[in-house]
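Source file: model_14.cif (mmCIF, C-alpha atoms and all ligand atoms)
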```cif
data_structure
#
loop_
_atom_site.label_atom_id
_atom_site.label_comp_id
_atom_site.auth_asym_id
_atom_site.auth_seq_id
_atom_site.Cartn_x
_atom_site.Cartn_y
_atom_site.Cartn_z
CA MET H 1 28.30 -9.52 -19.09
CA THR H 2 25.76 -12.14 -20.24
CA LYS H 3 24.75 -14.46 -17.39
CA ILE H 4 23.69 -18.05 -18.11
CA ASP H 5 21.55 -20.04 -15.69
CA PRO H 6 21.94 -23.76 -16.47
CA TYR H 7 18.86 -24.59 -14.36
CA PHE H 8 16.60 -22.05 -16.06
CA ALA H 9 14.80 -24.63 -18.26
CA ASP H 10 13.92 -26.70 -15.18
CA GLU H 11 12.80 -23.57 -13.35
CA LEU H 12 10.51 -22.57 -16.24
CA LYS H 13 8.80 -25.96 -16.16
CA LYS H 14 7.50 -25.05 -12.70
CA TYR H 15 5.72 -22.10 -14.34
CA GLY H 16 3.74 -24.32 -16.68
CA THR H 17 5.77 -25.27 -19.74
CA ASP H 18 6.13 -28.99 -20.32
CA ASP H 19 8.73 -29.79 -22.92
CA PHE H 20 9.94 -26.74 -24.78
CA THR H 21 13.44 -28.27 -24.88
CA ALA H 22 12.10 -30.60 -27.62
CA CYS H 23 12.32 -27.58 -29.95
CA PHE H 24 14.78 -28.13 -32.83
CA ASN H 25 14.73 -24.52 -33.95
CA CYS H 26 12.88 -25.01 -37.27
CA GLY H 27 11.18 -21.60 -37.10
CA ASN H 28 7.65 -22.76 -38.04
CA CYS H 29 6.20 -21.07 -34.97
CA THR H 30 7.68 -17.69 -35.83
CA ALA H 31 6.58 -18.04 -39.44
CA VAL H 32 2.99 -18.78 -38.43
CA CYS H 33 2.72 -16.07 -35.74
CA SER H 34 0.94 -13.06 -37.22
CA LEU H 35 2.45 -10.78 -34.56
CA THR H 36 6.07 -11.16 -35.54
CA ASP H 37 7.70 -8.63 -37.84
CA LYS H 38 11.12 -7.37 -38.82
CA SER H 39 11.88 -6.23 -35.26
CA VAL H 40 10.56 -9.13 -33.14
CA PHE H 41 11.15 -12.83 -33.59
CA PHE H 42 9.11 -14.84 -31.19
CA PRO H 43 8.39 -17.44 -30.02
CA ARG H 44 11.43 -19.22 -31.52
CA MET H 45 13.95 -16.63 -30.28
CA MET H 46 12.47 -16.72 -26.77
CA ILE H 47 12.64 -20.52 -26.74
CA ARG H 48 16.30 -20.42 -27.76
CA MET H 49 16.97 -17.97 -24.93
CA GLY H 50 15.09 -20.25 -22.53
CA MET H 51 17.13 -23.27 -23.62
CA LEU H 52 20.38 -21.33 -23.24
CA GLY H 53 19.44 -20.12 -19.75
CA LEU H 54 19.42 -16.43 -20.71
CA LYS H 55 16.86 -15.40 -18.14
CA ASP H 56 17.95 -11.76 -17.83
CA GLU H 57 17.63 -11.34 -21.60
CA ILE H 58 14.09 -12.75 -21.50
CA LEU H 59 13.13 -10.41 -18.66
CA SER H 60 14.51 -7.42 -20.58
CA GLN H 61 12.57 -7.99 -23.81
CA PRO H 62 9.03 -6.87 -24.61
CA GLU H 63 8.40 -10.07 -26.62
CA PRO H 64 6.79 -12.20 -23.87
CA TRP H 65 4.07 -9.52 -23.55
CA LEU H 66 3.51 -9.05 -27.26
CA CYS H 67 2.07 -12.57 -27.55
CA TYR H 68 -1.71 -12.85 -27.08
CA ALA H 69 -1.69 -16.61 -26.47
CA CYS H 70 -3.70 -17.48 -29.59
CA GLY H 71 -2.03 -20.92 -29.74
CA ASP H 72 -1.50 -20.93 -33.56
CA CYS H 73 2.20 -21.64 -33.12
CA SER H 74 1.52 -24.66 -30.92
CA GLU H 75 -0.83 -26.13 -33.55
CA THR H 76 1.97 -26.17 -36.11
CA CYS H 77 5.02 -27.17 -34.03
CA PRO H 78 6.40 -30.44 -35.45
CA ARG H 79 8.04 -31.29 -32.12
CA GLN H 80 5.03 -30.66 -29.85
CA ALA H 81 7.21 -28.20 -27.94
CA ASP H 82 4.07 -26.07 -27.39
CA PRO H 83 5.62 -22.63 -27.98
CA GLY H 84 2.36 -20.86 -27.04
CA GLN H 85 2.44 -22.53 -23.64
CA PHE H 86 6.12 -21.58 -23.33
CA MET H 87 5.26 -17.91 -23.93
CA ALA H 88 2.59 -18.09 -21.21
CA ALA H 89 5.12 -19.66 -18.83
CA ILE H 90 7.69 -16.90 -19.36
CA ARG H 91 5.01 -14.31 -18.69
CA ARG H 92 4.25 -16.03 -15.36
CA TYR H 93 7.98 -16.20 -14.67
CA SER H 94 8.33 -12.46 -15.44
CA VAL H 95 5.45 -11.51 -13.12
CA ALA H 96 7.10 -13.54 -10.35
CA ALA H 97 10.55 -12.09 -11.07
CA MET H 98 9.32 -8.47 -10.99
CA GLU H 99 7.30 -8.85 -7.78
CA PRO H 100 9.48 -8.16 -4.69
CA THR H 101 7.83 -10.17 -1.88
CA GLY H 102 8.21 -13.68 -3.38
CA ILE H 103 4.47 -14.38 -2.88
CA THR H 104 3.88 -14.71 -6.64
CA LYS H 105 6.71 -17.21 -6.98
CA MET H 106 5.18 -19.39 -4.28
CA MET H 107 1.69 -19.13 -5.70
CA PHE H 108 2.63 -19.96 -9.30
CA LYS H 109 4.84 -22.88 -8.36
CA ASN H 110 2.64 -24.50 -5.77
CA ASN H 111 -1.07 -25.00 -6.48
CA PRO H 112 -2.17 -26.09 -2.97
CA LEU H 113 -0.34 -23.10 -1.52
CA PHE H 114 -1.98 -20.81 -4.08
CA LEU H 115 -5.41 -22.07 -3.00
CA LEU H 116 -4.54 -21.75 0.68
CA ILE H 117 -3.28 -18.17 0.30
CA THR H 118 -6.37 -17.24 -1.72
CA LEU H 119 -8.68 -18.67 0.95
CA ILE H 120 -6.79 -16.99 3.80
CA ILE H 121 -6.96 -13.64 1.95
CA ALA H 122 -10.70 -14.13 1.36
CA GLY H 123 -11.34 -14.90 5.05
CA PHE H 124 -9.21 -11.99 6.19
CA LEU H 125 -10.88 -9.57 3.77
CA GLY H 126 -14.28 -10.59 5.14
CA PHE H 127 -13.18 -9.53 8.65
CA PHE H 128 -11.45 -6.40 7.33
CA LEU H 129 -14.60 -5.28 5.52
CA LEU H 130 -16.59 -5.56 8.70
CA THR H 131 -14.12 -3.17 10.37
CA LEU H 132 -15.23 -0.61 7.77
CA LYS H 133 -18.86 -1.03 8.90
CA PRO H 134 -18.46 -1.34 12.67
CA GLU H 135 -22.03 -0.16 13.33
CA THR H 136 -23.64 -3.29 11.77
CA ASN H 137 -24.97 -6.08 14.03
CA TYR H 138 -22.61 -8.64 12.44
CA ALA H 139 -19.57 -6.44 13.13
CA ARG H 140 -20.64 -5.71 16.73
CA TRP H 141 -21.12 -9.42 17.40
CA LEU H 142 -17.83 -10.44 15.76
CA PHE H 143 -15.66 -7.78 17.36
CA ALA H 144 -16.85 -8.78 20.78
CA TYR H 145 -14.49 -11.75 20.19
CA LEU H 146 -11.88 -10.46 17.70
CA PRO H 147 -9.41 -7.52 17.95
CA PHE H 148 -11.00 -4.77 15.81
CA GLY H 149 -7.94 -2.49 15.67
CA THR H 150 -5.47 -5.22 14.73
CA ILE H 151 -7.62 -6.52 11.86
CA HIS H 152 -8.31 -3.02 10.57
CA ASP H 153 -4.64 -1.95 10.66
CA LEU H 154 -3.46 -5.26 9.19
CA GLY H 155 -5.93 -4.81 6.31
CA LEU H 156 -4.50 -1.36 5.54
CA ILE H 157 -0.95 -2.76 5.68
CA VAL H 158 -1.87 -5.62 3.27
CA PHE H 159 -3.33 -3.13 0.76
CA GLY H 160 -0.25 -0.94 1.20
CA ILE H 161 2.05 -3.91 0.43
CA THR H 162 -0.01 -4.69 -2.69
CA GLY H 163 0.31 -1.11 -3.94
CA ILE H 164 4.05 -0.98 -3.28
CA SER H 165 4.59 -4.41 -4.91
CA ALA H 166 2.66 -3.36 -8.02
CA ALA H 167 4.60 -0.08 -8.31
CA TRP H 168 7.91 -1.88 -7.67
CA GLY H 169 7.18 -4.42 -10.44
CA VAL H 170 6.28 -1.73 -12.96
CA VAL H 171 9.37 0.38 -12.20
CA LYS H 172 11.66 -2.68 -12.30
CA MET H 173 10.29 -3.80 -15.64
CA PHE H 174 10.44 -0.28 -17.04
CA LEU H 175 14.12 0.01 -16.12
CA LYS H 176 14.97 -3.39 -17.62
CA LEU H 177 13.15 -2.65 -20.88
CA LYS H 178 14.68 0.83 -21.05
CA LYS H 179 18.20 -0.50 -20.56
CA ALA H 180 17.75 -3.12 -23.28
CA ALA H 181 16.13 -0.55 -25.62
CA GLY H 182 19.13 1.74 -25.14
CA LYS H 183 21.35 -0.90 -26.73
CA ALA H 184 19.13 -1.27 -29.82
CA PRO H 185 20.53 0.24 -33.02
CA GLY H 186 18.84 3.11 -34.88
CA LYS H 187 16.71 6.03 -33.79
CA ALA H 188 13.53 5.38 -31.80
CA ILE H 189 10.22 6.99 -32.80
CA PRO H 190 9.02 9.92 -30.60
CA VAL H 191 7.53 9.11 -27.18
CA SER H 192 4.16 10.72 -28.01
CA GLN H 193 3.83 8.62 -31.16
CA ALA H 194 4.63 5.42 -29.26
CA ILE H 195 2.14 6.29 -26.48
CA ASN H 196 -0.48 7.03 -29.11
CA GLN H 197 0.04 3.60 -30.65
CA VAL H 198 -0.17 1.89 -27.26
CA ILE H 199 -3.48 3.63 -26.53
CA ARG H 200 -4.84 2.58 -29.93
CA GLU H 201 -3.78 -1.01 -29.37
CA VAL H 202 -5.22 -1.21 -25.85
CA THR H 203 -8.47 0.35 -27.04
CA VAL H 204 -9.26 -2.06 -29.88
CA LEU H 205 -6.69 -4.91 -29.57
CA LYS H 206 -5.87 -4.66 -33.27
CA ARG H 207 -2.85 -6.97 -32.96
CA TYR H 208 -4.95 -9.63 -31.21
CA GLN H 209 -7.61 -9.24 -33.93
CA SER H 210 -4.97 -10.09 -36.53
CA CYS H 211 -4.43 -13.52 -34.87
CA ASP H 212 -8.12 -14.40 -35.28
CA LYS H 213 -8.21 -13.14 -38.88
CA GLU H 214 -5.61 -15.61 -40.17
CA ALA H 215 -7.09 -17.73 -42.98
CA ASP H 216 -6.22 -21.00 -41.21
CA SER H 217 -7.38 -19.82 -37.80
CA HIS H 218 -10.21 -21.74 -36.13
CA TRP H 219 -11.86 -18.34 -35.59
CA HIS H 220 -11.51 -17.00 -39.12
CA ALA H 221 -15.17 -17.42 -40.19
CA LYS H 222 -16.75 -17.04 -36.74
CA SER H 223 -18.77 -14.03 -35.64
CA PHE H 224 -16.61 -11.32 -34.03
CA SER H 225 -18.56 -11.72 -30.78
CA LEU H 226 -17.23 -15.29 -30.40
CA LYS H 227 -13.62 -14.52 -31.24
CA PRO H 228 -10.95 -14.63 -28.51
CA TRP H 229 -9.90 -11.02 -29.08
CA PHE H 230 -13.45 -9.82 -28.41
CA ILE H 231 -13.71 -11.98 -25.29
CA HIS H 232 -10.46 -10.48 -24.01
CA TRP H 233 -11.73 -7.01 -24.93
CA SER H 234 -15.04 -7.60 -23.10
CA ILE H 235 -13.33 -8.75 -19.92
CA MET H 236 -10.83 -5.90 -20.00
CA TRP H 237 -13.30 -3.10 -20.67
CA GLY H 238 -15.91 -4.70 -18.42
CA PHE H 239 -13.44 -4.66 -15.53
CA ILE H 240 -12.27 -1.10 -16.26
CA GLY H 241 -15.91 0.03 -16.52
CA LEU H 242 -16.75 -1.57 -13.18
CA LEU H 243 -13.76 0.08 -11.51
CA ALA H 244 -14.87 3.44 -12.94
CA ALA H 245 -18.48 2.90 -11.82
CA THR H 246 -17.39 1.91 -8.29
CA THR H 247 -15.15 4.98 -8.04
CA LEU H 248 -17.90 7.28 -9.32
CA ASN H 249 -20.37 5.72 -6.93
CA PHE H 250 -17.98 6.37 -4.04
CA LEU H 251 -17.05 9.93 -5.07
CA LEU H 252 -20.55 11.11 -5.94
CA LYS H 253 -22.21 9.23 -3.07
CA ASP H 254 -24.87 7.91 -5.42
CA PRO H 255 -28.04 6.69 -3.75
CA GLU H 256 -27.99 2.91 -3.34
CA THR H 257 -31.73 2.65 -3.80
CA THR H 258 -31.96 3.14 -7.56
CA VAL H 259 -30.46 1.24 -10.46
CA TRP H 260 -31.06 4.20 -12.81
CA TRP H 261 -28.25 6.42 -11.51
CA PRO H 262 -25.53 7.06 -14.22
CA SER H 263 -22.78 5.27 -12.29
CA ARG H 264 -25.07 2.28 -11.79
CA ILE H 265 -26.02 2.18 -15.48
CA LEU H 266 -22.31 2.26 -16.35
CA GLY H 267 -21.76 -0.56 -13.82
CA SER H 268 -24.55 -2.66 -15.35
CA LEU H 269 -23.23 -2.27 -18.91
CA ALA H 270 -19.66 -3.05 -17.79
CA GLY H 271 -20.95 -6.01 -15.77
CA ILE H 272 -22.69 -7.44 -18.86
CA LEU H 273 -19.41 -7.22 -20.78
CA MET H 274 -17.40 -8.85 -18.01
CA VAL H 275 -19.85 -11.70 -17.38
CA TYR H 276 -20.19 -12.30 -21.14
CA GLY H 277 -16.41 -12.41 -21.68
CA SER H 278 -15.59 -14.51 -18.62
CA THR H 279 -18.44 -16.98 -19.34
CA LEU H 280 -17.15 -17.64 -22.88
CA ALA H 281 -13.54 -17.81 -21.70
CA ILE H 282 -14.51 -20.45 -19.12
CA TRP H 283 -16.66 -22.32 -21.66
CA TYR H 284 -13.85 -22.45 -24.25
CA ARG H 285 -11.50 -23.82 -21.61
CA LEU H 286 -13.97 -26.46 -20.48
CA LYS H 287 -14.55 -27.52 -24.11
CA LYS H 288 -10.83 -27.12 -25.01
CA VAL H 289 -11.94 -25.61 -28.33
CA THR H 290 -8.39 -24.97 -29.60
CA LYS H 291 -4.84 -25.64 -28.49
CA ALA H 292 -4.82 -22.24 -26.76
CA TYR H 293 -7.52 -23.50 -24.37
CA ASP H 294 -6.12 -27.00 -24.04
CA GLU H 295 -4.44 -26.66 -20.70
CA THR H 296 -5.47 -24.09 -18.12
CA LYS H 297 -3.42 -23.51 -14.99
CA LEU H 298 -5.08 -23.17 -11.61
CA ALA H 299 -4.09 -19.50 -11.37
CA ASP H 300 -5.87 -18.82 -14.69
CA TRP H 301 -9.01 -20.72 -13.60
CA MET H 302 -9.13 -18.78 -10.35
CA PHE H 303 -8.69 -15.46 -12.11
CA LEU H 304 -11.56 -16.16 -14.54
CA LEU H 305 -13.83 -17.58 -11.85
CA PHE H 306 -13.27 -14.53 -9.63
CA LEU H 307 -14.21 -12.23 -12.52
CA TRP H 308 -17.31 -14.29 -13.30
CA VAL H 309 -18.44 -14.52 -9.67
CA ALA H 310 -17.82 -10.79 -9.10
CA GLY H 311 -19.99 -10.00 -12.16
CA VAL H 312 -22.83 -12.42 -11.38
CA THR H 313 -23.08 -11.47 -7.70
CA GLY H 314 -23.04 -7.81 -8.81
CA PHE H 315 -26.20 -8.45 -10.85
CA TRP H 316 -27.77 -10.37 -7.96
CA LEU H 317 -27.27 -7.25 -5.83
CA GLU H 318 -28.69 -4.95 -8.52
CA ILE H 319 -31.86 -7.06 -8.58
CA ALA H 320 -32.00 -7.13 -4.77
CA VAL H 321 -31.71 -3.30 -4.70
CA PHE H 322 -34.36 -2.96 -7.41
CA LEU H 323 -36.75 -5.19 -5.44
CA ASN H 324 -35.76 -3.52 -2.16
CA ALA H 325 -35.22 -7.02 -0.74
CA ASP H 326 -33.54 -6.43 2.63
CA MET H 327 -32.79 -10.09 3.44
CA LEU H 328 -29.91 -11.84 5.21
CA ALA H 329 -29.10 -13.81 2.00
CA ASN H 330 -28.58 -10.55 0.11
CA HIS H 331 -26.30 -9.18 2.84
CA LEU H 332 -24.22 -12.36 2.61
CA VAL H 333 -24.06 -12.07 -1.20
CA PHE H 334 -22.95 -8.45 -0.73
CA LEU H 335 -20.16 -9.56 1.59
CA PHE H 336 -19.13 -12.34 -0.81
CA HIS H 337 -19.21 -9.95 -3.81
CA THR H 338 -17.10 -7.35 -2.03
CA VAL H 339 -14.58 -9.91 -0.78
CA ILE H 340 -14.12 -11.39 -4.29
CA SER H 341 -13.84 -7.91 -5.86
CA MET H 342 -11.29 -6.79 -3.27
CA GLU H 343 -9.41 -10.05 -3.67
CA LEU H 344 -9.14 -9.31 -7.39
CA VAL H 345 -7.64 -5.92 -6.55
CA LEU H 346 -5.29 -7.49 -3.98
CA LEU H 347 -4.10 -10.14 -6.43
CA PHE H 348 -3.40 -7.44 -9.03
CA ALA H 349 0.30 -7.40 -8.24
CA PHE H 350 0.65 -11.12 -7.59
CA SER H 351 -1.18 -12.88 -10.42
CA LYS H 352 -1.86 -13.03 -14.14
CA PHE H 353 -3.69 -9.76 -13.59
CA ALA H 354 -0.33 -7.95 -13.54
CA HIS H 355 -0.29 -8.20 -17.34
CA ALA H 356 -2.62 -5.18 -17.27
CA PHE H 357 0.51 -3.10 -16.41
CA TYR H 358 3.21 -5.07 -18.15
CA ARG H 359 1.65 -5.45 -21.59
CA PRO H 360 1.13 -1.69 -22.23
CA LEU H 361 4.67 -1.07 -20.97
CA ALA H 362 6.12 -3.71 -23.31
CA LEU H 363 4.01 -2.40 -26.19
CA TYR H 364 5.45 1.07 -25.59
CA PHE H 365 9.03 -0.20 -25.95
CA TYR H 366 8.05 -2.33 -28.93
CA TYR H 367 6.54 0.65 -30.76
CA ARG H 368 9.51 2.87 -29.93
CA ARG H 369 11.74 0.23 -31.50
CA GLN H 370 9.77 0.34 -34.75
CA SER H 371 12.02 2.77 -36.58
CA ALA H 372 15.24 1.32 -35.19
S1 LIG E 401 7.87 -24.78 -34.41
FE1 LIG E 401 8.41 -26.00 -32.60
S2 LIG E 401 10.36 -26.96 -33.13
FE2 LIG E 401 10.05 -25.31 -34.61
S3 LIG E 401 11.15 -23.53 -33.69
FE3 LIG E 401 9.01 -23.42 -33.02
S4 LIG E 401 8.97 -24.48 -31.05
FE4 LIG E 401 10.87 -25.06 -32.08
S1 LIG E 402 0.52 -17.98 -29.12
FE1 LIG E 402 -0.11 -16.84 -30.97
S2 LIG E 402 0.62 -14.75 -30.59
FE2 LIG E 402 1.69 -16.08 -29.14
S3 LIG E 402 3.60 -16.62 -30.15
FE3 LIG E 402 2.11 -18.23 -30.64
S4 LIG E 402 1.20 -17.63 -32.61
FE4 LIG E 402 2.23 -15.82 -31.76
#
```

For this file, produce the structure as structure tokens.
Amino acid sequence: MTKIDPYFADELKKYGTDDFTACFNCGNCTAVCSLTDKSVFFPRMMIRMGMLGLKDEILSQPEPWLCYACGDCSETCPRQADPGQFMAAIRRYSVAAMEPTGITKMMFKNNPLFLLITLIIAGFLGFFLLTLKPETNYARWLFAYLPFGTIHDLGLIVFGITGISAAWGVVKMFLKLKKAAGKAPGKAIPVSQAINQVIREVTVLKRYQSCDKEADSHWHAKSFSLKPWFIHWSIMWGFIGLLAATTLNFLLKDPETTVWWPSRILGSLAGILMVYGSTLAIWYRLKKVTKAYDETKLADWMFLLFLWVAGVTGFWLEIAVFLNADMLANHLVFLFHTVISMELVLLFAFSKFAHAFYRPLALYFYYRRQSA
């Protein structure tokens, strides 16, 4: 049975869409979006669903995650309904709806609370990290006053909750998309073929590239290195590269005294990509270069700033290691860098970052639907 929520439009406004109800269903946005095809009709269809209060239908479709937020549709909307912003809002709503603890809901809807939670997590992580290095002078001094065991165990519990929340969200979304896909007519393409297409898309962001290639796009004649798809690609692969380098460093116990070790070279290259991408993404938002960068939510600012700070402090530490500069300032930067990096991991399940799971999943169901 189809459920209608008459308050859904008001609820969505709390996730960052201003006046999508101004839409009069002309279809310009869908016509201009280079990512729509015979099987997906967004953003117009999603907006209609939003206006009708069909929240379960929205949560069961891959469409919200197929949009790359290029903003072209918003440029052409005759009613200033800002369909691009609407698509971003339903992605935030979906992340909150999939996450079981309710923390994401609170953080997206309430900016002061979001800041407070982020600061509390940062402070707590600082203490937790010191429990991992109890032999240092700072840790010995601190734990003369604070309960070592409680902070250590609480830290492990917090990371456990993050992992469970992330897994819960992915499974919940998978089941919703699967159920909706089961009702689609026609025969789906084989699983291996769909997975192959997802991998190709994630590797080179071909669909995102097609947004920037449009003849009337602001980015059409710009160098590829300045285009939004490449910025997104740099941040994504920079972050993945840094995760891989950190894991390798941990597993292989690489010496911390040289920057020429393979894992450290990989980390430096990935760091360059991430700092490059996040710097341009922040710059475009500050300059509001196109409609897509017109209005940035606090959660998006925080996410980008965390990435940028993690990258820049990482390079600070590389230089400190290279110069063998054993100074208090560098220890503090190390603590700051690790707290920010761990906070990024912790916020994985509760922030915009969750799109790293949800988009590939949605792409999979989209590709399977191709032959339907
Ligand atoms: S272009 Fe604007 S008014 Fe037309 S369907 Fe899209 S959102 Fe609605
Ligand atoms: S923001 Fe871009 S990708 Fe998303 S719906 Fe609008 S035109 Fe399509």

Taking a cut-off of 7 Å and counting all atoms listed in the file, can you build a table that, for each residue of chain H near ligand LIG 402 (chain E), reports the nearest atom pair and how far apart they are in Å (one decimal), sorted by chain then residue number, as a tab-separated table?
```
residue	atom	partner	partner_atom	distance
H:Cys29	CA	E:LIG402	S4	6.5
H:Val32	CA	E:LIG402	S4	6.2
H:Cys33	CA	E:LIG402	S4	3.8
H:Ser34	CA	E:LIG402	FE4	6.3
H:Leu35	CA	E:LIG402	FE4	5.8
H:Phe42	CA	E:LIG402	S3	5.9
H:Pro43	CA	E:LIG402	S3	4.9
H:Cys67	CA	E:LIG402	FE2	3.9
H:Tyr68	CA	E:LIG402	S2	4.6
H:Ala69	CA	E:LIG402	S1	3.7
H:Cys70	CA	E:LIG402	FE1	3.9
H:Gly71	CA	E:LIG402	S1	3.9
H:Asp72	CA	E:LIG402	S4	4.4
H:Cys73	CA	E:LIG402	S4	4.2
H:Ser74	CA	E:LIG402	FE3	6.5
H:Pro83	CA	E:LIG402	FE3	6.2
H:Gly84	CA	E:LIG402	S1	4.0
H:Met87	CA	E:LIG402	S3	6.6
H:Cys211	CA	E:LIG402	FE1	6.7
```

Selected residues written out, C-alpha atoms, as a tab-separated table (two decimals), keeping the file's coordinate frame:
```
chain	number	residue	atom	x	y	z
H	29	CYS	CA	6.20	-21.07	-34.97
H	32	VAL	CA	2.99	-18.78	-38.43
H	33	CYS	CA	2.72	-16.07	-35.74
H	34	SER	CA	0.94	-13.06	-37.22
H	35	LEU	CA	2.45	-10.78	-34.56
H	42	PHE	CA	9.11	-14.84	-31.19
H	43	PRO	CA	8.39	-17.44	-30.02
H	67	CYS	CA	2.07	-12.57	-27.55
H	68	TYR	CA	-1.71	-12.85	-27.08
H	69	ALA	CA	-1.69	-16.61	-26.47
H	70	CYS	CA	-3.70	-17.48	-29.59
H	71	GLY	CA	-2.03	-20.92	-29.74
H	72	ASP	CA	-1.50	-20.93	-33.56
H	73	CYS	CA	2.20	-21.64	-33.12
H	74	SER	CA	1.52	-24.66	-30.92
H	83	PRO	CA	5.62	-22.63	-27.98
H	84	GLY	CA	2.36	-20.86	-27.04
H	87	MET	CA	5.26	-17.91	-23.93
H	211	CYS	CA	-4.43	-13.52	-34.87
```

Checklist line | Atomic distance CA of Tyr358 (chain H) - CA of Ala97 (chain H), expressed in Å with one decimal | finding: 12.4 Å

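Between CA of Gly271 (chain H) and CA of Phe336 (chain H) there is a distance of 16.3 Å.
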
Notebook entry, point to check: Which one of H:Glu63, H:Asp56, H:Asp19, H:Asp37 sits closest to Phe86 (chain H) if you count all atoms listed in the file?
Noted result: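 Under the stated criterion, the closest residue is H:Asp19.
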
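Proximity of H:Arg368, H:Arg207, H:Lys38, H:Arg79 to ligand LIG 401 (chain E), computed with only C-alpha atoms and all ligand atoms, is greatest for H:Arg79.
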
Notebook entry, point to check: Separation of CA of Phe357 (chain H) and CA of Ala31 (chain H), in Å?
Noted result: 28.1 Å

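Neighbouring residues of ligand LIG 401 (chain E) at a cut-off of 7 Å, counting all atoms listed in the file, are Phe20, Ala22, Cys23, Phe24, Asn25, Cys26, Gly27, Asn28, Cys29, Thr30, Pro43, Arg44, Ile47, Cys73, Thr76, Cys77, Pro78, Arg79, Gln80, Ala81, Asp82 and Pro83 of chain H.
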
Report as a Markdown table: every residue of region 232-257 of chain H with an atom at most 8 Å from region 275-296 of chain H, its closest pair of atoms, and their distance in Å to one decimal, counting only C-alpha atoms, with rows sorted by chain and ascending residue number.
```
| residue | atom | partner | partner_atom | distance |
| --- | --- | --- | --- | --- |
| H:His232 | CA | H:Gly277 | CA | 6.7 |
| H:Trp233 | CA | H:Gly277 | CA | 7.9 |
| H:Ser234 | CA | H:Gly277 | CA | 5.2 |
| H:Ile235 | CA | H:Gly277 | CA | 5.1 |
```

Next item on the list: Please identify all polymer residues within 12 Å of Met302 (chain H), counting only C-alpha atoms, omitting same-chain residues fewer than 3 positions from it, and present them as number ranges by chain.
Entry: H: 107-108, 111, 114-115, 118-119, 278, 282, 296-299, 305-310, 340, 343-344, 347, 351-353

Next item on the list: Go through H:Ala88, H:Leu66, H:Ala354, H:Ala96 one by one, measure the shortest atom-to-atom distance of each to Tyr208 (chain H) using all atoms listed in the file, and give the residue with the smallest value.
Entry: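 With all atoms listed in the file as the atom set, the closest residue is H:Leu66.
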
Margin query: Can you pull out the residues contacting region 122-131 of chain H? Cut-off 10 Å, using all atoms listed in the file, and skip same-chain residues under 5 positions away; I want them as number ranges by chain.
Written below: H: 116-117, 136-140, 142-143, 146-156, 158, 335-336, 338-340, 342-343, 346

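With all atoms listed in the file as the atoms that count, the minimum distance from Phe174 (chain H) to the choices H:Asn330, H:Gln85, H:Thr17, H:Gln61 is reached by H:Gln61.
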
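Of the residues under consideration (H:Gly53, H:Gly160, H:Gly169, H:Pro228), H:Gly169 shows the shortest atom-to-atom contact distance to Glu99 (chain H) when counting all atoms listed in the file.
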
Go ahead and fit an axis-aligned box to every listed atom of region 9-19 of chain H plus 4 Å each side, and pass me the centre and edge lengths in Å, one decimal, as JSON.
```
{"center_x": 9.3, "center_y": -25.9, "center_z": -17.8, "size_x": 19.1, "size_y": 15.7, "size_z": 18.2}
```

Note to self: Restricting the calculation to all atoms listed in the file: of H:Pro64, H:Pro112, H:Gly182, H:Gly314, which residue gets closest to Met49 (chain H)?
What the structure shows: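 Of H:Pro64, H:Pro112, H:Gly182, H:Gly314, the one nearest Met49 (chain H), counting all atoms listed in the file, is H:Pro64.
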